[in-house]
Number of protein chains: 2
Amino acid sequence: MSATIQKPKIGIIGTGAIGGFYGVMLAKAGFDVHFLLRSEFSAVAEHGLQLNSAPYGAVTLNPVQAYSSAEDMPLCDWLLVGTKTTGNAALAPTIIKAAAADAKVLLLQNGLDVEDSLRDALPDSLHLLGGLCFICVHRAGPGVIEHQALGAVHLGYHSGPAQAEEPARQQIVEQGAGLFRAAGLDSQAMANLAQARWQKLVWNVPYNGLSVLLGASTTPLMADENSRQLIQALMAEVVQGAQACGYSMPAGYAEHLFKVTEHMPDYWPSMYHDYLNKRPLELAAIYERPLAAAKAAGCSLPKIEALYQALSFIDGRNG
Amino acid sequence: MSATIQKPKIGIIGTGAIGGFYGVMLAKAGFDVHFLLRSEFSAVAEHGLQLNSAPYGAVTLNPVQAYSSAEDMPLCDWLLVGTKTTGNAALAPTIIKAAAADAKVLLLQNGLDVEDSLRDALPDSLHLLGGLCFICVHRAGPGVIEHQALGAVHLGYHSGPAQAEEPARQQIVEQGAGLFRAAGLDSQAMANLAQARWQKLVWNVPYNGLSVLLGASTTPLMADENSRQLIQALMAEVVQGAQACGYSMPAGYAEHLFKVTEHMPDYWPSMYHDYLNKRPLELAAIYERPLAAAKAAGCSLPKIEALYQALSFIDGRNG
């Protein structure tokens with residue numbers, strides 16, 4: 001039977017740093033990957049995708065199955081969404097055009113409940129999953145992706161036809177994790193997506209926001225006693241918020257992420273790149289919704305709130 | 001007897017925006033005022049002091065009784081200190097040289113306990129007072145002072161020969177307030193200096209810090225809903241900290257300062273000028289000591305703490 005198993009068709013919606021990295025890695029692993037692009041379509045159609053990876057070396061994908069419109073794409077079994085959460089509400093028509101009847105749509109995005117605004121606009125037949133990427137990667141130019149370190153993806157089921165059936169749900173999540181593992185990347189199936197999203201917030205809340213607020217990448221942030229204390233206090237509040245919402249972090253989780261960051265290459269989080277490029281910051285996903293969820297559970301997170309308000313001010317002037 | 005009362009000799013230690021403004025106003029009111037300067041001595045000795053005041057118009061003081069060294073100054077009855085709190089510990093020798101035997105030394109500085117480091121180094125015969133300036137003023141160039149609005153000084157007795165005698169203490173504070181009133185400025189004698197310092201912190205904690213952190217003056221800070229909420233939350237924490245330390249604010253005091261700021265001309269607080277000119281920020285006086293005092297009283301002020309940590313990081317990189 002295994003001879004008849006077809007490799008799934010994978011579509012990348014939004015070929016930026018995240019979409020580009022995972023798309024290239026999957027294509028190089030032999031998957032049939034189709035890339036949707038907007039402003040960089042011509043550059044990528046002409047020159048391909050260039051991944052400069054510290055751990056994997058220089059990887060070129062050329063030619064690229066590149067598309068400037070979702071209508072031109074083949075129907076895909078898996079759609080990996082690497083766009084900004086700020087555009088999720090408007091993303092449904094694009095996804096619907098590129099999705100096979102029972103496609104799995106995987107949002108490779110940070111933040112809480114980023115699936116919600118999209119879910120309502122998707123047909124019930126589509127599976128919706130969320131993925132958290134533990135990776136240091138950024139876009140260096142049209143079709144050029146710099147990968148500094150890490151690469152793991154932890155994913156969980158959000159909603160869709162398998163929602164009520166635990167084994168079916170788990171199978172789909174495992175299948176997704178299998179794609180990344182086949183590409184040589186660490187990937188874990190998470191039993192609870194909200195839990196996974198809160199865990200990722202332990203990193204994103206301090207580092208994304210402080211990179212913009214203080215104009216600083218991870219190395220200087222980890223070298224100064226004041227910013228270290230602030231990072232740890234923010235992490236502790238995320239853990240507190242998660243707990244109030246019913247999600248307990250693994251013991252020592254914040255300390256673990258703190259240590260991991262200490263040993264990372266110097267890194268500018270994605271929010272800093274958004275700020276620099278005058279894109280809207282992902283404040284709703286990373287700050288507003290976690291704060292609201294914690295508040296609804298009776299838990300106030302004063303330092304995160306102060307950070308959120310400061311970032312909102314900055315975001316409002318950055319337009 | 002009143003015919004024999006001499007006008008006091010007034011010395012200005014540090015002729016920046018604050019020292020310059022009050023010195024010029026007192027000199028114009030007929031007081032015998034002596035100005036100590038450092039880098040701007042030559043400019044002021046040659047061109048005098050120029051005060052451009054929105055409420056009072058253009059005021060020129062020329063010639064100026066200017067000195068580049070405290071040794072050259074006559075012994076003064078009142079010394080008004082307008083230098084940065086960050087230099088207080090080293091200020092004693094200068095003050096001692098310019099002070100009459102029972103001189104009153106008035107620190108026109110923001111922050112908590114700014115007198116303490118100086119007190120230990122001063123002879124017991126000197127009265128030490130603190131003054132809080134409610135004023136929008138900045139230095140526009142060598143010897144040039146821009147005064148946008150307000151001008152009140154609230155002062156209180158810190159320590160010295162009159163420490164144990166309430167009436168004598170009060171008389172000295174009233175005498176100090178009388179100087180400013182004689183110059184046409186609002187001035188109040190405060191029964192409790194620490195109380196007065198906490199009250200002033202209600203303004204300084206949010207606006208000084210946020211001007212640096214967000215690169216924003218008062219008008220944009222008061223125009224944005226996020227920064228307004230953050231300012232109000234920071235003010236509320238100062239009030240909370242003061243209360244924990246035993247100082248109750250007058251009812252509606254924070255709301256009052258918030259409203260006053262709304263009707264002020266657009267203003268860059270002094271900390272922003274310090275930041276811009278790469279001077280050390282007055283973080284100990286305005287943040288560290290209030291936080292420590294509140295903590296010692298069992299009160300945590302998480303948003304002020306986060307702001308302080310962020311500013312400390314910025315200050316450390318600004319050197």
# chains A, B, ... in the order shown; residues from 1 in each chain; ligands from 1
call {"tool": "interface_residues", "arguments": {"of": "chain B", "to": "chain A", "cutoff": "10 Å", "atoms": "only C-alpha atoms", "output": "PyMOL selection string"}}
result
chain B and resi 210+213-216+220-221+223-231+233-234+301-314+316-317
call {"tool": "write_last_selection", "arguments": {"atoms": "N, CA and C atoms", "output": "short mmCIF file (atom, residue, chain, number, x, y, z; two decimals), in the first residue's frame"}}
result
data_model
loop_
_atom_site.label_atom_id
_atom_site.label_comp_id
_atom_site.auth_asym_id
_atom_site.auth_seq_id
_atom_site.Cartn_x
_atom_site.Cartn_y
_atom_site.Cartn_z
N LEU B 210 8.62 58.66 30.13
CA LEU B 210 8.01 58.35 28.83
C LEU B 210 8.55 59.25 27.72
N LEU B 213 11.57 57.22 26.81
CA LEU B 213 11.23 55.87 26.32
C LEU B 213 10.50 55.93 24.98
N LEU B 214 9.60 56.88 24.84
CA LEU B 214 8.78 56.95 23.63
C LEU B 214 9.21 58.08 22.70
N GLY B 215 10.25 58.81 23.07
CA GLY B 215 10.70 59.92 22.23
C GLY B 215 9.58 60.89 21.94
N ALA B 216 8.84 61.24 22.98
CA ALA B 216 7.63 62.04 22.77
C ALA B 216 7.49 63.13 23.83
N PRO B 220 1.89 65.00 22.14
CA PRO B 220 1.54 63.67 21.61
C PRO B 220 1.22 62.65 22.71
N LEU B 221 1.91 62.73 23.84
CA LEU B 221 1.62 61.78 24.93
C LEU B 221 0.19 61.96 25.44
N ALA B 223 -2.27 63.02 23.59
CA ALA B 223 -3.23 62.90 22.48
C ALA B 223 -3.56 61.45 22.17
N ASP B 224 -2.85 60.51 22.75
CA ASP B 224 -3.02 59.10 22.41
C ASP B 224 -3.63 58.35 23.59
N GLU B 225 -4.63 57.57 23.30
CA GLU B 225 -5.37 56.88 24.37
C GLU B 225 -4.47 55.90 25.13
N ASN B 226 -3.55 55.26 24.45
CA ASN B 226 -2.67 54.29 25.12
C ASN B 226 -1.71 54.96 26.08
N SER B 227 -1.07 56.04 25.62
CA SER B 227 -0.13 56.72 26.51
C SER B 227 -0.88 57.42 27.64
N ARG B 228 -2.08 57.90 27.38
CA ARG B 228 -2.88 58.51 28.46
C ARG B 228 -3.14 57.49 29.56
N GLN B 229 -3.53 56.29 29.15
CA GLN B 229 -3.80 55.24 30.14
C GLN B 229 -2.54 54.87 30.91
N LEU B 230 -1.42 54.81 30.18
CA LEU B 230 -0.16 54.46 30.84
C LEU B 230 0.24 55.56 31.82
N ILE B 231 0.11 56.80 31.43
CA ILE B 231 0.42 57.93 32.32
C ILE B 231 -0.45 57.86 33.58
N ALA B 233 -1.94 55.27 34.85
CA ALA B 233 -1.57 54.11 35.67
C ALA B 233 -0.28 54.38 36.45
N LEU B 234 0.69 55.04 35.82
CA LEU B 234 1.94 55.37 36.51
C LEU B 234 1.68 56.38 37.63
N LEU B 301 5.36 48.49 42.90
CA LEU B 301 4.86 49.42 41.87
C LEU B 301 5.34 48.89 40.53
N PRO B 302 4.65 47.87 40.00
CA PRO B 302 5.21 47.12 38.86
C PRO B 302 5.42 47.93 37.59
N LYS B 303 4.53 48.85 37.29
CA LYS B 303 4.70 49.61 36.05
C LYS B 303 5.85 50.60 36.16
N ILE B 304 5.98 51.22 37.32
CA ILE B 304 7.12 52.13 37.52
C ILE B 304 8.42 51.32 37.47
N GLU B 305 8.39 50.14 38.05
CA GLU B 305 9.58 49.30 38.03
C GLU B 305 9.98 48.93 36.60
N ALA B 306 8.98 48.56 35.80
CA ALA B 306 9.27 48.23 34.39
C ALA B 306 9.83 49.44 33.66
N LEU B 307 9.23 50.59 33.91
CA LEU B 307 9.71 51.83 33.27
C LEU B 307 11.14 52.12 33.70
N TYR B 308 11.40 51.95 34.99
CA TYR B 308 12.74 52.20 35.52
C TYR B 308 13.78 51.27 34.89
N GLN B 309 13.42 50.01 34.77
CA GLN B 309 14.36 49.05 34.18
C GLN B 309 14.62 49.38 32.71
N ALA B 310 13.57 49.74 32.00
CA ALA B 310 13.74 50.11 30.58
C ALA B 310 14.62 51.34 30.46
N LEU B 311 14.39 52.34 31.32
CA LEU B 311 15.18 53.57 31.28
C LEU B 311 16.63 53.31 31.68
N SER B 312 16.83 52.41 32.62
CA SER B 312 18.20 52.08 33.04
C SER B 312 18.97 51.48 31.88
N PHE B 313 18.28 50.63 31.12
CA PHE B 313 18.92 50.05 29.94
C PHE B 313 19.31 51.15 28.95
N ILE B 314 18.38 52.05 28.69
CA ILE B 314 18.63 53.15 27.76
C ILE B 314 19.77 54.03 28.26
N GLY B 316 22.20 53.26 30.23
CA GLY B 316 23.47 52.55 30.14
C GLY B 316 24.07 52.59 28.75
N ARG B 317 23.22 52.68 27.74
CA ARG B 317 23.73 52.70 26.35
C ARG B 317 23.93 54.13 25.84
#
call {"tool": "residues_around", "arguments": {"residues": "Trp78 (chain A)", "least_positions_apart": "3", "cutoff": "9 Å", "atoms": "only C-alpha atoms", "output": "list in words"}}
result
Pro8, Lys9, Ile10, Gly11, Ile12, Ala99, Ala100, Ala103, Lys104, Val105, Leu106 and Gly176 of chain A
call {"tool": "write_last_selection", "arguments": {"atoms": "N, CA, C and O atoms", "output": "PDB file, in the first residue's frame"}}
result
ATOM      1  N   PRO A   8       2.107  14.842   0.008  1.00  0.00           N
ATOM      2  CA  PRO A   8       1.092  15.909  -0.068  1.00  0.00           C
ATOM      3  C   PRO A   8       1.609  17.106  -0.849  1.00  0.00           C
ATOM      4  O   PRO A   8       2.807  17.372  -0.876  1.00  0.00           O
ATOM      5  N   LYS A   9       0.702  17.812  -1.450  1.00  0.00           N
ATOM      6  CA  LYS A   9       1.019  19.065  -2.126  1.00  0.00           C
ATOM      7  C   LYS A   9       0.974  20.160  -1.066  1.00  0.00           C
ATOM      8  O   LYS A   9      -0.012  20.289  -0.334  1.00  0.00           O
ATOM      9  N   ILE A  10       2.037  20.907  -1.004  1.00  0.00           N
ATOM     10  CA  ILE A  10       2.145  21.935   0.042  1.00  0.00           C
ATOM     11  C   ILE A  10       2.138  23.322  -0.577  1.00  0.00           C
ATOM     12  O   ILE A  10       2.894  23.595  -1.522  1.00  0.00           O
ATOM     13  N   GLY A  11       1.268  24.174  -0.049  1.00  0.00           N
ATOM     14  CA  GLY A  11       1.237  25.569  -0.502  1.00  0.00           C
ATOM     15  C   GLY A  11       1.758  26.487   0.590  1.00  0.00           C
ATOM     16  O   GLY A  11       1.459  26.298   1.769  1.00  0.00           O
ATOM     17  N   ILE A  12       2.567  27.462   0.193  1.00  0.00           N
ATOM     18  CA  ILE A  12       3.085  28.452   1.146  1.00  0.00           C
ATOM     19  C   ILE A  12       2.361  29.767   0.884  1.00  0.00           C
ATOM     20  O   ILE A  12       2.502  30.361  -0.188  1.00  0.00           O
ATOM     21  N   ALA A  99      -6.913  25.755  -1.448  1.00  0.00           N
ATOM     22  CA  ALA A  99      -7.079  24.607  -0.558  1.00  0.00           C
ATOM     23  C   ALA A  99      -7.818  23.451  -1.227  1.00  0.00           C
ATOM     24  O   ALA A  99      -8.873  23.655  -1.831  1.00  0.00           O
ATOM     25  N   ALA A 100      -7.271  22.229  -1.096  1.00  0.00           N
ATOM     26  CA  ALA A 100      -8.011  21.017  -1.472  1.00  0.00           C
ATOM     27  C   ALA A 100      -9.204  20.874  -0.532  1.00  0.00           C
ATOM     28  O   ALA A 100      -9.283  21.550   0.499  1.00  0.00           O
ATOM     29  N   ALA A 103      -8.295  20.176   3.066  1.00  0.00           N
ATOM     30  CA  ALA A 103      -6.926  20.659   3.315  1.00  0.00           C
ATOM     31  C   ALA A 103      -6.703  20.999   4.784  1.00  0.00           C
ATOM     32  O   ALA A 103      -7.637  21.276   5.530  1.00  0.00           O
ATOM     33  N   LYS A 104      -5.439  20.912   5.158  1.00  0.00           N
ATOM     34  CA  LYS A 104      -5.007  21.347   6.479  1.00  0.00           C
ATOM     35  C   LYS A 104      -4.336  22.711   6.326  1.00  0.00           C
ATOM     36  O   LYS A 104      -3.360  22.844   5.587  1.00  0.00           O
ATOM     37  N   VAL A 105      -4.873  23.667   7.048  1.00  0.00           N
ATOM     38  CA  VAL A 105      -4.319  25.028   6.993  1.00  0.00           C
ATOM     39  C   VAL A 105      -3.557  25.259   8.292  1.00  0.00           C
ATOM     40  O   VAL A 105      -4.129  25.203   9.380  1.00  0.00           O
ATOM     41  N   LEU A 106      -2.263  25.510   8.160  1.00  0.00           N
ATOM     42  CA  LEU A 106      -1.395  25.648   9.342  1.00  0.00           C
ATOM     43  C   LEU A 106      -0.866  27.078   9.441  1.00  0.00           C
ATOM     44  O   LEU A 106      -0.097  27.529   8.591  1.00  0.00           O
ATOM     45  N   GLY A 176       1.349  16.557  10.253  1.00  0.00           N
ATOM     46  CA  GLY A 176       1.996  17.859  10.063  1.00  0.00           C
ATOM     47  C   GLY A 176       3.407  17.861  10.616  1.00  0.00           C
ATOM     48  O   GLY A 176       4.354  18.307   9.953  1.00  0.00           O
TER      49      GLY A 176
END
call {"tool": "closest_residue", "arguments": {"among": "B:Glu262, B:Asp32, B:Glu40, B:Glu146", "to": "Ser68 (chain B)", "atoms": "only C-alpha atoms"}}
result
B:Glu40
call {"tool": "select_by_dssp", "arguments": {"residues": "region 54-244 of chain B", "states": "strand (DSSP E or B)", "output": "number ranges by chain"}}
result
B: 57-61, 66-67, 76-81, 99-108, 127-141, 144-159, 187-189
call {"tool": "select_by_dssp", "arguments": {"residues": "region 8-224 of chain A", "states": "helix (DSSP H, G or I)", "output": "count of residues only"}}
result
83
call {"tool": "closest_atom_pairs", "arguments": {"of": "region 15-87 of chain B", "to": "region 282-288 of chain B", "cutoff": "9 Å", "atoms": "only C-alpha atoms", "output": "Markdown table"}}
result
| residue | atom | partner | partner_atom | distance |
| --- | --- | --- | --- | --- |
| B:Lys84 | CA | B:Glu282 | CA | 7.3 |
| B:Thr85 | CA | B:Glu282 | CA | 6.4 |
| B:Thr86 | CA | B:Glu282 | CA | 6.0 |
call {"tool": "closest_residue", "arguments": {"among": "B:Cys133, B:Phe258, B:Pro142, B:Val205", "to": "Asp186 (chain B)", "atoms": "only C-alpha atoms"}}
result
B:Cys133
call {"tool": "residues_around", "arguments": {"residues": "Ala98 (chain A)", "least_positions_apart": "6", "cutoff": "10 Å", "atoms": "only C-alpha atoms", "output": "list of chain:residue names"}}
result
A:Ile10, A:Gly11, A:Ile12, A:Ile13, A:His34, A:Leu36, A:Ser69, A:Ala70, A:Glu71, A:Asp72, A:Met73, A:Pro74, A:Leu75, A:Cys76, A:Asp77, A:Trp78, A:Leu79
call {"tool": "closest_residue", "arguments": {"among": "B:Pro93, B:Pro290, B:Gly178, B:Pro265", "to": "Gln199 (chain B)", "atoms": "only C-alpha atoms"}}
result
B:Pro290
call {"tool": "atom_distance", "arguments": {"atom1": "CA of Gly131 (chain A)", "atom2": "CA of Glu115 (chain A)"}}
result
10.6 Å
call {"tool": "atom_distance", "arguments": {"atom1": "CA of Thr218 (chain A)", "atom2": "CA of Pro269 (chain A)"}}
result
8.1 Å
call {"tool": "residues_around", "arguments": {"residues": "His158 (chain A)", "least_positions_apart": "5", "cutoff": "7 Å", "atoms": "only C-alpha atoms", "output": "VMD selection string"}}
result
chain A and resid 128 to 130 193
call {"tool": "decode", "arguments": {"residues": "region 151-162 of chain B", "atoms": "all heavy atoms", "output": "CSV table (one decimal), in the first residue's frame"}}
result
chain,number,residue,atom,x,y,z
B,151,GLY,N,5.8,78.3,36.7
B,151,GLY,CA,7.0,78.9,37.4
B,151,GLY,C,6.9,78.7,38.9
B,151,GLY,O,7.9,79.2,39.6
B,152,ALA,N,5.9,78.1,39.5
B,152,ALA,CA,5.8,78.0,40.9
B,152,ALA,C,6.9,77.1,41.5
B,152,ALA,O,7.4,76.2,40.9
B,152,ALA,CB,4.4,77.3,41.3
B,153,VAL,N,7.2,77.5,42.8
B,153,VAL,CA,8.2,76.7,43.6
B,153,VAL,C,7.6,76.4,44.9
B,153,VAL,O,7.1,77.3,45.6
B,153,VAL,CB,9.5,77.5,43.8
B,153,VAL,CG1,10.5,76.7,44.6
B,153,VAL,CG2,10.1,78.1,42.5
B,154,HIS,N,7.5,75.1,45.2
B,154,HIS,CA,7.1,74.7,46.5
B,154,HIS,C,8.3,74.2,47.3
B,154,HIS,O,9.0,73.3,46.8
B,154,HIS,CB,6.0,73.6,46.4
B,154,HIS,CG,4.8,74.1,45.7
B,154,HIS,ND1,3.7,73.3,45.4
B,154,HIS,CD2,4.4,75.3,45.2
B,154,HIS,CE1,2.8,74.0,44.8
B,154,HIS,NE2,3.2,75.2,44.6
B,155,LEU,N,8.4,74.7,48.5
B,155,LEU,CA,9.7,74.3,49.2
B,155,LEU,C,9.4,73.9,50.7
B,155,LEU,O,8.4,74.2,51.2
B,155,LEU,CB,10.7,75.4,49.2
B,155,LEU,CG,10.5,76.8,49.6
B,155,LEU,CD1,11.8,77.5,49.8
B,155,LEU,CD2,9.7,77.6,48.5
B,156,GLY,N,10.3,73.1,51.1
B,156,GLY,CA,10.2,72.6,52.5
B,156,GLY,C,11.6,72.4,53.1
B,156,GLY,O,12.6,72.4,52.4
B,157,TYR,N,11.6,72.4,54.4
B,157,TYR,CA,12.9,72.3,55.2
B,157,TYR,C,13.3,70.8,55.2
B,157,TYR,O,12.5,69.9,55.5
B,157,TYR,CB,12.7,72.8,56.6
B,157,TYR,CG,13.9,73.1,57.3
B,157,TYR,CD1,14.5,74.3,57.2
B,157,TYR,CD2,14.5,72.1,58.2
B,157,TYR,CE1,15.7,74.6,57.9
B,157,TYR,CE2,15.7,72.4,58.8
B,157,TYR,CZ,16.3,73.7,58.7
B,157,TYR,OH,17.4,74.0,59.4
B,158,HIS,N,14.6,70.6,55.0
B,158,HIS,CA,15.1,69.2,55.0
B,158,HIS,C,15.8,69.0,56.4
B,158,HIS,O,15.4,68.1,57.1
B,158,HIS,CB,16.1,68.9,53.9
B,158,HIS,CG,16.6,67.5,53.9
B,158,HIS,ND1,17.9,67.3,54.5
B,158,HIS,CD2,16.2,66.3,53.5
B,158,HIS,CE1,18.1,66.0,54.4
B,158,HIS,NE2,17.1,65.4,53.8
B,159,SER,N,16.9,69.7,56.6
B,159,SER,CA,17.7,69.5,57.8
B,159,SER,C,18.6,70.7,58.1
B,159,SER,O,18.8,71.5,57.2
B,159,SER,CB,18.6,68.2,57.6
B,159,SER,OG,19.3,68.4,56.4
B,160,GLY,N,19.1,70.7,59.3
B,160,GLY,CA,20.0,71.8,59.7
B,160,GLY,C,19.7,72.3,61.1
B,160,GLY,O,18.9,71.7,61.8
B,161,PRO,N,20.2,73.5,61.4
B,161,PRO,CA,20.1,74.0,62.8
B,161,PRO,C,18.6,74.2,63.3
B,161,PRO,O,18.4,74.1,64.5
B,161,PRO,CB,20.8,75.4,62.7
B,161,PRO,CG,21.6,75.4,61.5
B,161,PRO,CD,21.0,74.4,60.5
B,162,ALA,N,17.7,74.4,62.3
B,162,ALA,CA,16.3,74.7,62.8
B,162,ALA,C,15.5,73.4,62.8
B,162,ALA,O,14.3,73.4,63.0
B,162,ALA,CB,15.7,75.7,61.8
